[in-house]
$ cat data25.cif   # mmCIF, C-alpha atoms and all ligand atoms
data_input
loop_
_atom_site.label_atom_id
_atom_site.label_comp_id
_atom_site.auth_asym_id
_atom_site.auth_seq_id
_atom_site.Cartn_x
_atom_site.Cartn_y
_atom_site.Cartn_z
CA MET A 1 0.00 0.00 0.00
CA PRO A 2 1.44 3.45 -0.86
CA ARG A 3 2.54 5.52 2.11
CA PRO A 4 -0.06 8.18 2.80
CA VAL A 5 0.86 11.73 1.97
CA LEU A 6 1.41 13.77 5.15
CA SER A 7 1.05 10.74 7.37
CA SER A 8 -0.02 11.31 10.95
CA THR A 9 2.33 9.79 13.47
CA SER A 10 2.14 11.83 16.64
CA SER A 11 0.55 10.57 19.80
CA ARG A 12 -1.73 13.11 21.33
CA ARG A 13 -3.17 13.91 24.67
CA PRO A 14 -6.96 14.10 24.96
CA SER A 15 -8.63 17.39 24.02
CA ARG A 16 -8.99 19.92 26.82
CA GLY A 17 -12.53 20.67 25.75
CA ALA A 18 -11.68 22.80 22.71
CA THR A 19 -14.65 23.45 20.49
CA PRO A 20 -13.83 22.40 16.95
CA GLY A 21 -13.79 25.39 14.60
CA SER A 22 -13.78 28.01 17.36
CA ALA A 23 -10.10 28.99 17.32
CA THR A 24 -10.81 32.58 16.27
CA SER A 25 -13.03 33.33 19.26
CA GLY A 26 -11.64 34.30 22.63
CA VAL A 27 -8.07 34.61 21.33
CA PRO A 28 -6.88 37.07 24.04
CA ALA A 29 -8.33 34.82 26.75
CA MET A 30 -6.75 31.72 25.20
CA LEU A 31 -3.36 33.47 25.11
CA ARG A 32 -3.71 34.58 28.72
CA ALA A 33 -4.62 31.04 29.78
CA LEU A 34 -1.47 29.77 28.07
CA GLY A 35 0.67 32.57 29.50
CA VAL A 36 1.63 33.70 25.98
CA ARG A 37 2.30 37.38 25.22
CA PRO A 38 2.20 37.75 21.43
CA SER A 39 5.72 38.05 20.07
CA ARG A 40 6.54 40.60 17.37
CA ARG A 41 9.66 38.69 16.49
CA LEU A 42 7.56 35.62 15.67
CA GLY A 43 4.96 37.71 13.82
CA GLN A 44 2.23 36.59 16.20
CA ASN A 45 -0.89 38.39 14.98
CA PHE A 46 -3.66 35.86 15.39
CA LEU A 47 -6.77 35.78 13.22
CA ILE A 48 -9.88 36.70 15.19
CA ASP A 49 -12.29 37.27 12.29
CA PRO A 50 -13.96 33.92 11.56
CA ARG A 51 -15.12 35.12 8.12
CA VAL A 52 -11.52 35.65 7.00
CA ALA A 53 -10.52 32.23 8.34
CA GLU A 54 -13.51 30.56 6.61
CA ARG A 55 -12.71 32.32 3.36
CA ILE A 56 -9.12 31.10 3.38
CA ALA A 57 -10.13 27.55 4.31
CA SER A 58 -12.76 27.49 1.54
CA LEU A 59 -10.00 28.12 -1.01
CA VAL A 60 -8.65 24.66 -0.28
CA SER A 61 -11.79 23.07 -1.62
CA ASP A 62 -10.78 19.44 -2.14
CA ALA A 63 -11.55 17.87 1.22
CA ARG A 64 -8.89 15.18 0.66
CA GLU A 65 -6.14 17.57 -0.39
CA PRO A 66 -3.08 17.17 1.89
CA VAL A 67 -2.13 20.44 3.55
CA LEU A 68 1.02 21.78 5.15
CA GLU A 69 0.31 24.78 7.34
CA ILE A 70 3.05 27.25 8.28
CA GLY A 71 2.62 28.87 11.70
CA PRO A 72 -0.79 27.56 12.85
CA GLY A 73 -0.73 29.52 16.11
CA LEU A 74 -3.91 28.77 18.04
CA GLY A 75 -5.41 26.98 15.04
CA ALA A 76 -7.71 29.57 13.44
CA LEU A 77 -7.13 28.00 10.03
CA THR A 78 -5.97 24.59 11.19
CA THR A 79 -9.24 23.55 12.77
CA LEU A 80 -11.20 24.51 9.66
CA LEU A 81 -8.78 22.63 7.42
CA ALA A 82 -8.54 19.57 9.66
CA ARG A 83 -12.26 19.05 10.12
CA THR A 84 -12.64 17.57 6.63
CA GLY A 85 -10.41 14.72 7.81
CA ARG A 86 -7.71 15.59 5.26
CA PRO A 87 -4.06 14.80 6.05
CA LEU A 88 -2.51 17.91 7.57
CA VAL A 89 0.80 18.84 9.14
CA ALA A 90 0.99 22.18 10.96
CA VAL A 91 4.52 23.44 11.70
CA GLU A 92 4.65 25.79 14.70
CA VAL A 93 7.84 27.18 16.21
CA ASP A 94 6.30 28.35 19.51
CA PHE A 95 6.17 25.22 21.64
CA ARG A 96 3.46 26.56 23.97
CA LEU A 97 1.11 27.15 21.03
CA ALA A 98 2.07 23.84 19.43
CA GLU A 99 1.20 21.97 22.62
CA ALA A 100 -2.19 23.68 22.94
CA LEU A 101 -2.92 23.00 19.28
CA GLU A 102 -2.15 19.31 19.66
CA ALA A 103 -4.99 19.11 22.16
CA THR A 104 -7.33 21.15 19.93
CA LEU A 105 -6.67 18.86 16.98
CA ALA A 106 -7.31 15.66 18.94
CA PRO A 107 -10.68 14.99 17.21
CA TRP A 108 -8.97 14.75 13.82
CA PRO A 109 -6.43 11.94 13.72
CA ALA A 110 -5.14 12.82 10.23
CA ALA A 111 -3.94 16.21 11.50
CA ARG A 112 -0.75 16.64 13.47
CA VAL A 113 1.44 19.41 14.82
CA LEU A 114 5.15 19.50 14.20
CA ARG A 115 7.09 21.64 16.66
CA GLY A 116 9.85 23.53 14.93
CA ASP A 117 10.98 26.19 12.48
CA ILE A 118 9.50 25.72 9.01
CA LEU A 119 12.76 26.88 7.45
CA GLU A 120 14.55 23.89 8.94
CA GLN A 121 12.08 21.30 7.72
CA ARG A 122 12.30 19.02 4.71
CA LEU A 123 9.04 18.51 2.85
CA GLU A 124 10.04 14.94 1.94
CA GLU A 125 9.72 14.02 5.58
CA PHE A 126 6.03 14.87 5.58
CA VAL A 127 5.18 13.84 2.06
CA GLY A 128 6.77 10.41 2.18
CA ALA A 129 8.33 8.40 -0.58
CA ASP A 130 5.68 8.96 -3.25
CA ALA A 131 7.48 11.19 -5.78
CA GLY A 132 4.20 12.28 -7.38
CA ALA A 133 2.60 13.37 -4.11
CA ARG A 134 1.72 17.05 -3.96
CA VAL A 135 0.59 19.26 -1.14
CA THR A 136 -1.05 22.63 -0.69
CA VAL A 137 0.72 25.01 1.66
CA VAL A 138 -1.42 27.35 3.73
CA GLY A 139 -0.19 30.05 6.06
CA ASN A 140 -0.98 33.34 7.71
CA LEU A 141 2.74 34.01 7.42
CA PRO A 142 4.75 35.56 10.21
CA TYR A 143 5.88 38.83 8.62
CA SER A 144 9.42 38.41 9.86
CA ILE A 145 9.99 35.37 7.64
CA THR A 146 7.81 36.12 4.62
CA THR A 147 10.62 36.02 2.05
CA PRO A 148 12.49 33.01 3.49
CA ALA A 149 9.17 31.14 3.84
CA ILE A 150 8.29 31.83 0.18
CA GLU A 151 11.82 30.81 -0.85
CA TRP A 152 11.36 27.61 1.15
CA ILE A 153 8.05 26.89 -0.58
CA LEU A 154 9.48 27.54 -4.04
CA ALA A 155 12.53 25.39 -3.30
CA GLN A 156 10.22 22.37 -2.88
CA GLY A 157 9.53 22.39 -6.64
CA PRO A 158 6.54 20.51 -8.04
CA ARG A 159 5.77 18.86 -4.70
CA VAL A 160 3.91 22.03 -3.77
CA ARG A 161 0.81 22.29 -5.93
CA ARG A 162 -0.08 25.73 -4.65
CA ALA A 163 0.28 28.00 -1.64
CA VAL A 164 -2.47 30.12 -0.11
CA LEU A 165 -0.68 32.77 1.92
CA MET A 166 -1.58 35.80 4.01
CA VAL A 167 1.09 38.51 3.68
CA GLN A 168 1.36 42.26 4.23
CA ARG A 169 -0.39 44.27 1.52
CA GLU A 170 2.79 46.16 0.53
CA TYR A 171 4.60 42.87 0.18
CA ALA A 172 1.86 41.47 -2.08
CA GLU A 173 2.12 44.62 -4.20
CA ARG A 174 5.83 44.01 -4.69
CA LEU A 175 5.19 40.42 -5.78
CA ALA A 176 2.49 41.37 -8.27
CA ALA A 177 4.16 44.57 -9.56
CA ALA A 178 4.43 45.25 -13.29
CA PRO A 179 7.86 45.94 -14.83
CA GLY A 180 8.76 49.64 -14.67
CA THR A 181 6.62 50.41 -11.60
CA LYS A 182 8.06 51.53 -8.27
CA ALA A 183 7.17 48.29 -6.46
CA TYR A 184 8.86 46.11 -9.12
CA GLY A 185 12.20 44.69 -8.08
CA SER A 186 14.38 41.59 -7.89
CA LEU A 187 11.88 39.99 -5.45
CA THR A 188 9.17 40.35 -8.11
CA VAL A 189 11.37 38.74 -10.72
CA PHE A 190 12.54 35.97 -8.40
CA VAL A 191 9.03 34.95 -7.38
CA SER A 192 7.58 35.37 -10.89
CA LEU A 193 10.29 33.09 -12.26
CA HIS A 194 9.02 30.31 -10.05
CA ALA A 195 5.32 30.96 -9.61
CA GLU A 196 2.18 32.63 -10.86
CA ILE A 197 0.62 34.89 -8.29
CA GLU A 198 -2.95 35.98 -7.85
CA THR A 199 -4.09 38.44 -5.21
CA LEU A 200 -7.37 37.15 -3.80
CA PHE A 201 -8.64 39.47 -1.07
CA ARG A 202 -7.67 41.89 1.68
CA ALA A 203 -7.98 41.56 5.43
CA SER A 204 -8.11 44.68 7.58
CA PRO A 205 -5.98 45.12 10.73
CA GLY A 206 -9.12 44.54 12.83
CA ALA A 207 -9.15 40.89 11.72
CA PHE A 208 -6.14 40.17 13.96
CA HIS A 209 -5.08 40.22 17.59
CA PRO A 210 -2.94 42.07 18.33
CA ARG A 211 -3.96 44.54 15.66
CA PRO A 212 -1.10 45.07 13.16
CA ASP A 213 -0.30 48.51 11.71
CA VAL A 214 -0.83 47.35 8.16
CA GLU A 215 -3.39 45.69 5.93
CA SER A 216 -2.94 42.11 4.84
CA VAL A 217 -3.68 40.30 1.61
CA VAL A 218 -4.32 36.67 0.75
CA LEU A 219 -2.35 35.39 -2.22
CA ASP A 220 -2.62 32.29 -4.33
CA LEU A 221 0.84 31.25 -5.43
CA ARG A 222 1.10 28.45 -8.00
CA PRO A 223 4.55 27.10 -8.84
CA ARG A 224 5.10 27.31 -12.60
CA PRO A 225 5.86 24.17 -14.55
CA TRP A 226 7.96 26.14 -17.14
CA PRO A 227 8.02 23.19 -19.55
CA ASP A 228 10.36 25.00 -21.95
CA THR A 229 13.07 26.22 -19.57
CA SER A 230 15.60 24.28 -17.56
CA GLY A 231 16.31 24.75 -13.86
CA GLU A 232 19.74 26.10 -14.82
CA GLU A 233 18.22 28.72 -17.11
CA ARG A 234 15.85 29.85 -14.38
CA ALA A 235 18.67 30.00 -11.83
CA LEU A 236 20.77 32.09 -14.22
CA ALA A 237 17.79 34.35 -15.06
CA GLU A 238 17.40 34.91 -11.32
CA ARG A 239 21.09 35.81 -10.94
CA LEU A 240 20.95 38.17 -13.89
CA ALA A 241 17.79 39.82 -12.59
CA ARG A 242 19.31 40.32 -9.13
CA ALA A 243 22.29 42.01 -10.73
CA GLY A 244 20.26 43.96 -13.27
CA VAL A 245 17.33 45.16 -11.18
CA GLY A 246 19.13 45.88 -7.93
CA THR A 247 20.65 49.19 -9.01
CA ARG A 248 17.79 51.49 -9.91
CA ARG A 249 18.20 54.23 -12.52
CA LYS A 250 21.17 52.46 -14.10
CA THR A 251 20.98 51.07 -17.60
CA VAL A 252 20.71 47.30 -17.76
CA VAL A 253 24.05 47.08 -19.59
CA ASN A 254 25.89 48.91 -16.79
CA SER A 255 24.13 47.04 -13.97
CA LEU A 256 24.90 43.68 -15.54
CA ALA A 257 28.50 44.57 -16.38
CA ARG A 258 29.09 45.52 -12.76
CA GLY A 259 26.96 42.86 -11.07
CA MET A 260 28.15 39.96 -13.24
CA GLU A 261 31.74 41.28 -13.50
CA ILE A 262 31.87 41.14 -17.26
CA ASP A 263 32.96 43.65 -19.89
CA ALA A 264 30.20 46.12 -20.86
CA ALA A 265 30.82 45.68 -24.59
CA ARG A 266 30.25 41.94 -24.23
CA VAL A 267 27.07 42.49 -22.20
CA ARG A 268 25.85 44.82 -24.95
CA GLU A 269 26.31 42.03 -27.52
CA LEU A 270 24.50 39.50 -25.36
CA LEU A 271 21.60 41.89 -24.78
CA ALA A 272 21.39 42.53 -28.52
CA SER A 273 21.29 38.77 -29.20
CA ALA A 274 18.40 38.49 -26.75
CA GLY A 275 16.61 41.39 -28.48
CA ILE A 276 16.87 43.69 -25.44
CA GLU A 277 17.91 47.33 -25.70
CA ALA A 278 21.05 47.94 -23.64
CA GLU A 279 19.96 51.42 -22.54
CA ARG A 280 16.78 50.23 -20.83
CA ARG A 281 16.67 50.25 -17.04
CA GLY A 282 16.85 46.79 -15.50
CA GLU A 283 13.59 47.22 -13.61
CA THR A 284 11.65 47.53 -16.89
CA LEU A 285 12.55 44.02 -18.07
CA GLY A 286 9.87 41.37 -17.71
CA VAL A 287 10.40 37.78 -16.58
CA ASP A 288 10.26 36.45 -20.15
CA GLU A 289 13.11 38.83 -21.10
CA TRP A 290 15.31 37.66 -18.22
CA ILE A 291 14.71 34.09 -19.35
CA ARG A 292 15.59 35.01 -22.96
CA LEU A 293 18.78 36.70 -21.80
CA ALA A 294 19.69 33.70 -19.62
CA ARG A 295 19.41 31.43 -22.66
CA VAL A 296 21.77 33.59 -24.71
CA TRP A 297 24.15 34.08 -21.77
CA ARG A 298 24.26 30.38 -21.04
CA GLY A 299 24.68 29.54 -24.72
CA VAL A 300 27.99 31.40 -24.78
CA GLY A 301 29.13 29.95 -21.47
CA ARG A 302 29.82 33.27 -19.83
CA ALA A 303 28.21 32.65 -16.43
N1 LIG B 401 -2.22 30.85 11.75
C1 LIG B 401 -2.48 31.57 12.97
C2 LIG B 401 -3.63 32.54 12.76
O1 LIG B 401 -3.92 32.82 11.58
O2 LIG B 401 -4.19 33.00 13.74
C3 LIG B 401 -1.25 32.31 13.48
C4 LIG B 401 -0.62 33.25 12.47
S1 LIG B 401 0.66 34.27 13.14
C5 LIG B 401 0.62 35.56 11.92
C6 LIG B 401 2.17 33.45 12.70
C7 LIG B 401 2.46 32.16 13.44
O3 LIG B 401 3.68 31.60 12.91
C8 LIG B 401 2.67 32.28 14.93
O4 LIG B 401 1.94 31.28 15.59
C9 LIG B 401 4.18 32.08 15.13
O5 LIG B 401 4.51 31.53 16.38
C10 LIG B 401 4.50 31.13 13.98
N2 LIG B 401 5.88 31.18 13.51
C11 LIG B 401 6.74 32.24 13.50
N3 LIG B 401 7.91 31.90 12.95
C12 LIG B 401 7.80 30.60 12.57
C13 LIG B 401 8.68 29.66 11.94
N4 LIG B 401 9.92 30.01 11.58
N5 LIG B 401 8.25 28.39 11.73
C14 LIG B 401 6.99 28.02 12.10
N6 LIG B 401 6.12 28.85 12.70
C15 LIG B 401 6.50 30.13 12.93
#
$ encode --input "data25.cif" --output "structure tokens"
Amino acid sequence: MPRPVLSSTSSRRPSRGATPGSATSGVPAMLRALGVRPSRRLGQNFLIDPRVAERIASLVSDAREPVLEIGPGLGALTTLLARTGRPLVAVEVDFRLAEALEATLAPWPAARVLRGDILEQRLEEFVGADAGARVTVVGNLPYSITTPAIEWILAQGPRVRRAVLMVQREYAERLAAAPGTKAYGSLTVFVSLHAEIETLFRASPGAFHPRPDVESVVLDLRPRPWPDTSGEERALAERLARAGVGTRRKTVVNSLARGMEIDAARVRELLASAGIEAERRGETLGVDEWIRLARVWRGVGRA
């Protein structure tokens, strides 16, 4: 029999009377009872608006779909996701919250809590040996680790089918920015090289406890299959974009010559071969152009 995706292995203590699906109500009281003062460092802004939690959970519509949750906290999303009986692993770094959540999840044996830092986990350990197995990642992301968490997700390759993520609104704007706009930068290019992003809806500061200073946005991030580009081409496109977009107001030829440590005249030739004007600013190049340039660059073995 194939090993189940996101198998549940933890033993669990009996529930302490948690009401399934109620993890958004009474959050301040629950924190007090646990002796937890929300930590800024850990990005602990807990969802208290059940409509937002329901809306996120409803996006993961296949009731059998295996889910990996990043930072479940008190379980606002976890309980809603677990109640379908789907396999679920929730990775929580704060041991006090993880322990409380283990008790809350007791009614759903396919759901388990893993205590630890998501950035130190290996997806293979949850997914098992089945190479074709794919998971959906869900997370109201701690703001302090938004970029490393997205890098972690993208590094898992096709094993992540999609990620439904709550992030700061300004951050979402950077990810979805069009070339040439102020918000566009190497982060935009990096994420766009690996995934398609759709902004789904906003959540106001009042949806959280403690109340953050900023609005949040829920994103749907779908890793791209890129059937016509190799991993090496994408990695090189990423390197070129980091060099070429990082220095605003410089022409792409000058940024690349400096960032890639290569003669400007040669860069000019490579840009011409890729059909890109050398005098453009790096931040106006789209993802497809970075890929095109990477192909030419790689073809001449200069990187
Ligand atoms: N999902 C809960 C909710 O929506 O109410 C909590 C979200 S809160 C914004 C972020 C959570 O991520 C906190 O519970 C925090 O302890 C946890 N966290 C922070 N850094 C983490 C890390 N590196 N790995 C796993 N969890 C982390």
$ residues_near_point --input "data25.cif" --point "(-7.8, 15.4, 11.8)" --cutoff "7 Å" --atoms "all atoms listed in the file" --output "PDB file with C-alpha atoms, in the coordinates of the input"
ATOM      1  CA  ALA A  82      -8.540  19.570   9.660  1.00  0.00           C
ATOM      2  CA  ARG A  83     -12.260  19.050  10.120  1.00  0.00           C
ATOM      3  CA  GLY A  85     -10.410  14.720   7.810  1.00  0.00           C
ATOM      4  CA  ARG A  86      -7.710  15.590   5.260  1.00  0.00           C
ATOM      5  CA  PRO A  87      -4.060  14.800   6.050  1.00  0.00           C
ATOM      6  CA  LEU A 105      -6.670  18.860  16.980  1.00  0.00           C
ATOM      7  CA  PRO A 107     -10.680  14.990  17.210  1.00  0.00           C
ATOM      8  CA  TRP A 108      -8.970  14.750  13.820  1.00  0.00           C
ATOM      9  CA  PRO A 109      -6.430  11.940  13.720  1.00  0.00           C
ATOM     10  CA  ALA A 110      -5.140  12.820  10.230  1.00  0.00           C
ATOM     11  CA  ALA A 111      -3.940  16.210  11.500  1.00  0.00           C
TER      12      ALA A 111
END
$ closest_residue --input "data25.cif" --among "A:Ser58, A:Thr251, A:Ser230, A:Gln168" --to "Ala203 of chain A" --atoms "all atoms listed in the file"
A:Gln168
$ residues_near_ligand --input "data25.cif" --ligand "ligand LIG 401 (chain B)" --cutoff "6 Å" --atoms "all atoms listed in the file" --output "list in words"
Leu42, Gly43, Gln44, Asn45, Phe46, Leu47, Ile70, Gly71, Pro72, Gly73, Leu74, Gly75, Ala76, Leu77, Val91, Glu92, Val93, Asp94, Asp117, Ile118, Leu119, Asn140, Leu141 and Pro142 of chain A
$ atom_distance --input "data25.cif" --atom1 "atom CA of Arg112 of chain A" --atom2 "atom CA of Ala98 of chain A"
9.8 Å
$ closest_residue --input "data25.cif" --among "A:Lys182, A:Arg122, A:Arg224, A:Arg115" --to "Arg162 of chain A" --atoms "only C-alpha atoms"
A:Arg224
$ closest_residue --input "data25.cif" --among "A:Gly180, A:Pro205, A:Gly116, A:Gly231" --to "Val245 of chain A" --atoms "all atoms listed in the file"
A:Gly180
$ closest_residue --input "data25.cif" --among "A:Val67, A:Ile48, A:Ser192, A:Val60" --to "Ala178 of chain A" --atoms "only C-alpha atoms"
A:Ser192
$ closest_residue --input "data25.cif" --among "A:Ala274, A:Ala100, A:Val167, A:Ala133" --to "Thr147 of chain A" --atoms "all atoms listed in the file"
A:Val167
$ decode --input "data25.cif" --residues "segment 269-280 of chain A" --atoms "all heavy atoms" --output "compact mmCIF listing (two decimals), in the first residue's frame"
# COMPACT_ATOMS: atom_id res chain seq x y z
N GLU A 269 26.52 43.03 -26.46
CA GLU A 269 26.31 42.03 -27.52
C GLU A 269 25.28 40.98 -27.10
O GLU A 269 24.41 40.61 -27.86
CB GLU A 269 27.63 41.28 -27.80
CG GLU A 269 28.64 42.06 -28.59
CD GLU A 269 30.00 41.33 -28.61
OE1 GLU A 269 30.06 40.09 -28.37
OE2 GLU A 269 30.99 42.03 -28.84
N LEU A 270 25.42 40.54 -25.84
CA LEU A 270 24.50 39.50 -25.36
C LEU A 270 23.07 40.04 -25.29
O LEU A 270 22.11 39.35 -25.67
CB LEU A 270 24.95 38.99 -23.98
CG LEU A 270 26.28 38.22 -23.97
CD1 LEU A 270 26.79 38.03 -22.54
CD2 LEU A 270 26.10 36.86 -24.64
N LEU A 271 22.94 41.28 -24.83
CA LEU A 271 21.60 41.89 -24.78
C LEU A 271 21.02 41.99 -26.18
O LEU A 271 19.85 41.67 -26.41
CB LEU A 271 21.68 43.28 -24.13
CG LEU A 271 21.86 43.29 -22.61
CD1 LEU A 271 22.28 44.68 -22.13
CD2 LEU A 271 20.57 42.87 -21.89
N ALA A 272 21.87 42.39 -27.13
CA ALA A 272 21.39 42.53 -28.52
C ALA A 272 20.93 41.16 -29.04
O ALA A 272 19.87 41.06 -29.68
CB ALA A 272 22.51 43.10 -29.39
N SER A 273 21.69 40.11 -28.74
CA SER A 273 21.29 38.77 -29.20
C SER A 273 19.95 38.35 -28.60
O SER A 273 19.22 37.56 -29.20
CB SER A 273 22.33 37.72 -28.80
OG SER A 273 23.58 38.08 -29.26
N ALA A 274 19.68 38.85 -27.40
CA ALA A 274 18.40 38.49 -26.75
C ALA A 274 17.29 39.46 -27.16
O ALA A 274 16.16 39.34 -26.68
CB ALA A 274 18.58 38.50 -25.23
N GLY A 275 17.63 40.44 -28.02
CA GLY A 275 16.61 41.39 -28.48
C GLY A 275 16.21 42.39 -27.41
O GLY A 275 15.07 42.86 -27.36
N ILE A 276 17.17 42.74 -26.53
CA ILE A 276 16.87 43.69 -25.44
C ILE A 276 17.76 44.93 -25.60
O ILE A 276 18.99 44.80 -25.74
CB ILE A 276 17.14 43.03 -24.06
CG1 ILE A 276 16.23 41.82 -23.87
CG2 ILE A 276 16.94 44.04 -22.91
CD1 ILE A 276 16.65 40.91 -22.71
N GLU A 277 17.13 46.08 -25.56
CA GLU A 277 17.91 47.33 -25.70
C GLU A 277 18.80 47.55 -24.48
O GLU A 277 18.31 47.54 -23.35
CB GLU A 277 16.96 48.51 -25.79
CG GLU A 277 16.54 48.86 -27.19
CD GLU A 277 15.58 50.03 -27.15
OE1 GLU A 277 15.92 51.04 -26.50
OE2 GLU A 277 14.50 49.89 -27.73
N ALA A 278 20.07 47.82 -24.73
CA ALA A 278 21.05 47.94 -23.64
C ALA A 278 20.79 49.16 -22.75
O ALA A 278 21.19 49.18 -21.59
CB ALA A 278 22.45 48.01 -24.23
N GLU A 279 20.15 50.18 -23.31
CA GLU A 279 19.96 51.42 -22.54
C GLU A 279 18.72 51.40 -21.65
O GLU A 279 18.44 52.37 -20.95
CB GLU A 279 19.91 52.64 -23.47
CG GLU A 279 21.12 52.80 -24.38
CD GLU A 279 22.45 52.73 -23.63
OE1 GLU A 279 22.54 53.30 -22.52
OE2 GLU A 279 23.39 52.07 -24.13
N ARG A 280 17.96 50.30 -21.72
CA ARG A 280 16.78 50.23 -20.83
C ARG A 280 17.24 50.09 -19.39
O ARG A 280 18.35 49.65 -19.12
CB ARG A 280 15.91 49.03 -21.21
CG ARG A 280 15.02 49.32 -22.39
CD ARG A 280 14.35 48.05 -22.85
NE ARG A 280 13.41 47.52 -21.87
CZ ARG A 280 12.77 46.35 -22.04
NH1 ARG A 280 12.97 45.63 -23.13
NH2 ARG A 280 11.93 45.93 -21.13
